[in-house]
Amino acid sequence: MTKEEKYIARPNQLLKDHLIGAAAKARLFASKIGLENCGELLGLLHDIGKYSQDFQNYINSISGTLDPDLDDDYMDPKQHKGKIDHSTAGAQWIWRMKKKDSTKGELLIRQIMALCVASHHSGLIDCLKPDGCPGFNNRIEKNDEKSHYDECLQNIDPDILERMTHISDNILFPEMVQKIKTFTATDQTKWFYFGLLTKFLFSCLIDADRIDSANPDKPYQPRQTDWQIAIDQVESKLKHFSSTSAIDSIRKKISDNCYEKAFKEQGIYTLTVPTGGGKTLASLRYALHHAKKHQLDRIVYIIPYTSIIEQNAKVIREFVENEGNEWVLEHHSNLEPEKETWHSKLSAENWSSPIILTTMVQFLEVLFSGGTQSVRRLHQLAKSVLIFDEIQTLPIKCTYLFCNAINFLVEHAQVTALLCTATQPLLNALKHPKSEDYFFPKGEELIDDVGQVFNDLKRVQIINGCKNGGWDVDEIVSLALKELSDKGSCLIIVNTKSWAKNLFQLCKEKGSITGLYHLSTHQYPAHRQKLLEEIRKRLNDKLPVLCISTQLMEAGVDIDFATVIRFLAGLDSIAQAAGRCNRHAMLSDASGNPMPGKVYILNPDKEHIDELTDIQIGKEKTQRVLSELKDPDHLLLPKSIELYFKYYFYQRSSEMSFNVPAKEFGYDTNLFNLLSNDVKNGGYNSKSYLLQHSFMTAGKLFSVIDAPTKAIIIQHGKGQDLITQLCSVAKEFDKKRYYDLLRLAQRYSVNVFPNTWRALCEKGAILEIQGEGVFYLNECYYSEEFGVSADPVTEMSSMVV
């Protein structure tokens with residue numbers, strides 16, 4: 001056995017081969033921001049701790065090379081899992097290579113590299129903990145016996161060591177300095193950028209490590225996307241599309257505006273179009289031509305709700321894909337386990353497709369969550385067009401984090417950001433209450449005359465039905481039934497699942513209603529899609545439809561009702577609801593003249609939304625705008641929308657930095673501070689030349705949703721067969737098959753809040769698939785009408801094992 005063959009990274013891969021393979025991949029990923037040598041060095045460094053004899057004994061015990069009865073060096077794999085440090089040695093090497101007269105810049109660069117290596121199994125560690133404990137120093141000064149530093153340097157392959165030394169001494173510093181010099185932001189924002197740069201390089205390392213571990217014998221072939229193929233298909237289909245109405249002509253004009261602006265420089269742009277204006281296809285056309293012009297790698301659609309990803313993906317696939325040519329990836333479920341397993345590490349989605357559709361939750365987790373699961377996708381955002389659909393749904397507490405991250409990506413990672421909505425939230429007008437350092441540019445608008453487009457696309461009449469005391473359930477049902485009788489279709493959109501359920505049950509008790517539907521996010525996507533198809537068919541066939549839904553029907557769902565009843569909410573929500581009314585301007589009076597659809601705004605009585613802060617404040621500000629308007633029918637015009645966001649943001653500016661209350665650390669702070677050289681007492685140390693970021697602490701505190709949901713696959717319909725297959729594949733692991741099944745399972749899963757999760761667990765309704773951290777729900781807890789139920793709705797079925 002040669003020296004090379006003696007050291008292995010895992011049972012099926014030599015350590016030298018893994019270091020070289022991971023280095024090549026990390027080099028490729030980091031090259032997107034001009035730091036290819038930094039990426040290569042991270043790949044070479046990350047696992048040199050595996051040259052210790054302790055680690056080799058451990059991995060040979062796993063492989064069976066060492067016998068527990070015959071070999072003294074045998075280690076019990078279960079007892080020693082995660083106990084042998086193999087990530088500190090590489091971090092210590094790059095740090096100790098600094099010279100006595102190192103500049104502050106060189107020390108910062110070596111710290112960034114050391115952090116990535118030391119953290120590649122845990123997620124980025126705290127440089128400085130909120131209590132003042134020096135996390136980075138403690139790790140980097142770890143005893144050599146525990147890090148196996150000297151032993152690893154004696155055993156390391158000479159070729160690996162020579163390449164590491166060459167990059168460290170000759171290339172690393174000038175390459176990184178050239179990048180850092182482009183950081184022109186001031187003070188705290190610059191340190192925030194240094195933190196994001198660290199995360200970006202960390203992402204390159206994590207993804208390279210995972211890919212090389214999953215396919216050690218398979219050469220990595222990054223996908224080369226020929227955007228012209230998709231462009232030709234889109235332009236051909238648009239050319240042969242026949243306009244059948246005035247609305248179609250307006251949509252074509254919007255699309256043409258987007259095409260004309262696609263050849264401009266990269267940056268931040270806005271697309272402000274009323275609902276029903278064809279934003280999905282217009283933004284796709286823009287992005288394809290823009291990606292080709294600037295030789296970008298991918299297009300990423302960031303969508304607020306999982307409920308509309310399938311629809312948008314279907315539309316995009318119809319325009320860009322043909323048989324055997326897959327372009328589009330949907331990634332929206334949190335089926336990935338909270339605690340990573342080895343199988344989940346190897347099979348996790350890394351966003352390598354040309355067109356990605358994901359949620360705002362997933363996008364923000366890529367940027368700010370802890371661990372290694374989500375961050376591996378961060379480098380894939382470089383050289384891309386990011387299309388934010390319904391940008392006004394950005395969570396308030398994440399606003400400053402989001403805006404600064406977008407600035408970083410646009411300025412330093414060849415990203416173009418397109419903010420799409422009918423109700424632009426005026427991010428450029430925000431003022432940070434405690435810092436003059438905040439800045440977000442006013443994006444260039446793609447539409448030539450926004451005001452004219454809003455006038456041209458006006459198809460509804462807004463009726464302010466709010467009254468003292470509010471509407472009770474019987475009054476709302478009576479109004480809905482009258483509109484159903486008069487107009488043939490009516491959609492009711494409410495703020496809570498309980499109101500939706502109560503309205504549906506009361507309508508059902510009437511006994512004579514045909515075409516009655518209930519929709520909520522407690523139904524799995526494939527089930528909702530089936531119901532939506534039924535609803536669309538009935539609407540197209542002029543059959544009566546009364547649909548009662550939560551907010552999932554608001555954004556992006558291509559459906560057309562004669563009347564919409566919307567419970568009072570934020571103006572942005574009302575605008576979205578109005579987009580489901582007379583969407584294609586097909587309503588006419590008895591004489592055949594065009595007529596608007598009606599959108600009623602109602603305030604229900606006994607609505608329990610005290611804990612739903614966004615909805616509560618949105619209601620208050622909408623009422624204020626309505627009180628100041630002479631005509632409620634002007635509610636959806638740009639000036640009214642601007643006024644609404646002025647009121648809404650003014651009240652909430654103090655919430656936008658993701659606040660952390662004093663009970664956590666003994667002083668008030670926020671995540672922006674923790675990710676930009678925060679020190680105790682909530683300030684930042686402008687004199688420091690090293691990162692003091694609390695990466696791990698911030699990652700643990702970060703959550704987009706205050707009560708984070710968990711995903712369960714529903715043992716219902718095709719979901720039952722998927723669960724059986726997942727159980728089988730997990731036993732005898734097949735990476736590709738497991739990955740494909742998890743992707744399919746997204747359409748049969750539901751995200752539930754902690755209280756529902758606990759209730760179902762207590763009743764034994766949720767089971768885990770073979771210890772993989774992926775869970776499923778027994779079908780007797782799934783209602784055809786309401787979806788996931790905390791109580792059984794049918795007899796207990798046999799559970800898959």
# chains A, B, ... in the order shown; residues from 1 in each chain; ligands from 1
$ select_by_dssp --residues "region 561-611 of chain A" --states "strand (DSSP E)" --output "list in words"
Thr563, Val564, Ile565, Arg566, Phe567, Gly597, Lys598, Val599, Tyr600, Ile601 and Leu602 of chain A
$ select_by_dssp --residues "region 73-135 of chain A" --states "helix (DSSP H, G or I)" --output "JSON, numbers by chain"
{"A": [77, 78, 79, 80, 88, 89, 90, 91, 92, 93, 94, 95, 96, 104, 105, 106, 107, 108, 109, 110, 111, 112, 113, 114, 115, 116, 117, 118, 135]}
$ residues_around --residues "Tyr193 (chain A)" --least-positions-apart "5" --cutoff "8 Å" --atoms "only C-alpha atoms" --output "PyMOL selection string"
chain A and resi 183+405+408+676
$ residues_around --residues "region 73-83 of chain A" --least-positions-apart "5" --cutoff "12 Å" --atoms "only C-alpha atoms" --output "list in words"
Gln53, Asp54, Phe55, Gln56, Asn57, Tyr58, Ile59, Asn60, Ser61, Ile62, Ser63, Gly64, Thr65, Leu66, Asp67, Pro68, His121, Ser122, Lys146, Ser147 and Trp342 of chain A
$ closest_residue --among "A:Phe319, A:Phe192, A:Tyr305, A:Tyr517" --to "Gln551 (chain A)" --atoms "only C-alpha atoms"
A:Tyr305
$ residues_around --residues "Ala698 (chain A)" --least-positions-apart "6" --cutoff "8 Å" --atoms "only C-alpha atoms" --output "list of chain:residue names"
A:Phe368, A:Ser369, A:Gly370, A:Leu671, A:Leu674, A:Leu675
$ residues_around --residues "Ile535 (chain A)" --least-positions-apart "4" --cutoff "10 Å" --atoms "only C-alpha atoms" --output "short mmCIF file (atom, residue, chain, number, x, y, z; two decimals) with N, CA and C atoms, in the first residue's frame"
data_model
loop_
_atom_site.label_atom_id
_atom_site.label_comp_id
_atom_site.auth_asym_id
_atom_site.auth_seq_id
_atom_site.Cartn_x
_atom_site.Cartn_y
_atom_site.Cartn_z
N GLY A 515 -70.99 23.60 -6.80
CA GLY A 515 -69.75 24.30 -7.10
C GLY A 515 -69.17 25.01 -5.91
N LEU A 516 -69.30 24.41 -4.71
CA LEU A 516 -68.77 24.99 -3.48
C LEU A 516 -67.39 24.41 -3.19
N TYR A 517 -66.40 25.29 -2.95
CA TYR A 517 -65.03 24.83 -2.73
C TYR A 517 -64.40 25.55 -1.54
N GLN A 529 -54.14 21.77 -6.52
CA GLN A 529 -54.08 21.92 -7.98
C GLN A 529 -55.27 21.23 -8.65
N LYS A 530 -55.63 20.07 -8.14
CA LYS A 530 -56.79 19.35 -8.67
C LYS A 530 -58.07 20.16 -8.47
N LEU A 531 -58.22 20.74 -7.28
CA LEU A 531 -59.40 21.55 -7.01
C LEU A 531 -59.42 22.80 -7.89
N LEU A 539 -65.73 27.52 -14.18
CA LEU A 539 -65.80 28.93 -14.57
C LEU A 539 -65.83 29.08 -16.09
N ASN A 540 -64.98 28.30 -16.77
CA ASN A 540 -64.95 28.36 -18.24
C ASN A 540 -66.25 27.87 -18.85
N ASP A 541 -66.89 26.91 -18.18
CA ASP A 541 -68.16 26.35 -18.69
C ASP A 541 -69.37 27.15 -18.21
N LEU A 543 -70.48 27.61 -15.25
CA LEU A 543 -71.20 26.94 -14.17
C LEU A 543 -70.94 27.68 -12.86
N PRO A 544 -71.87 27.67 -11.92
CA PRO A 544 -71.70 28.42 -10.68
C PRO A 544 -70.53 27.91 -9.84
N VAL A 545 -69.79 28.85 -9.25
CA VAL A 545 -68.67 28.52 -8.36
C VAL A 545 -68.67 29.50 -7.19
N LEU A 546 -68.66 28.95 -5.98
CA LEU A 546 -68.42 29.74 -4.78
C LEU A 546 -67.21 29.14 -4.08
N CYS A 547 -66.13 29.90 -4.03
CA CYS A 547 -64.87 29.42 -3.45
C CYS A 547 -64.52 30.24 -2.23
N ILE A 559 -56.88 32.90 -12.18
CA ILE A 559 -58.28 32.48 -12.09
C ILE A 559 -59.15 33.73 -12.16
N ASP A 560 -60.40 33.59 -12.61
CA ASP A 560 -61.20 34.76 -12.95
C ASP A 560 -62.62 34.62 -12.41
#
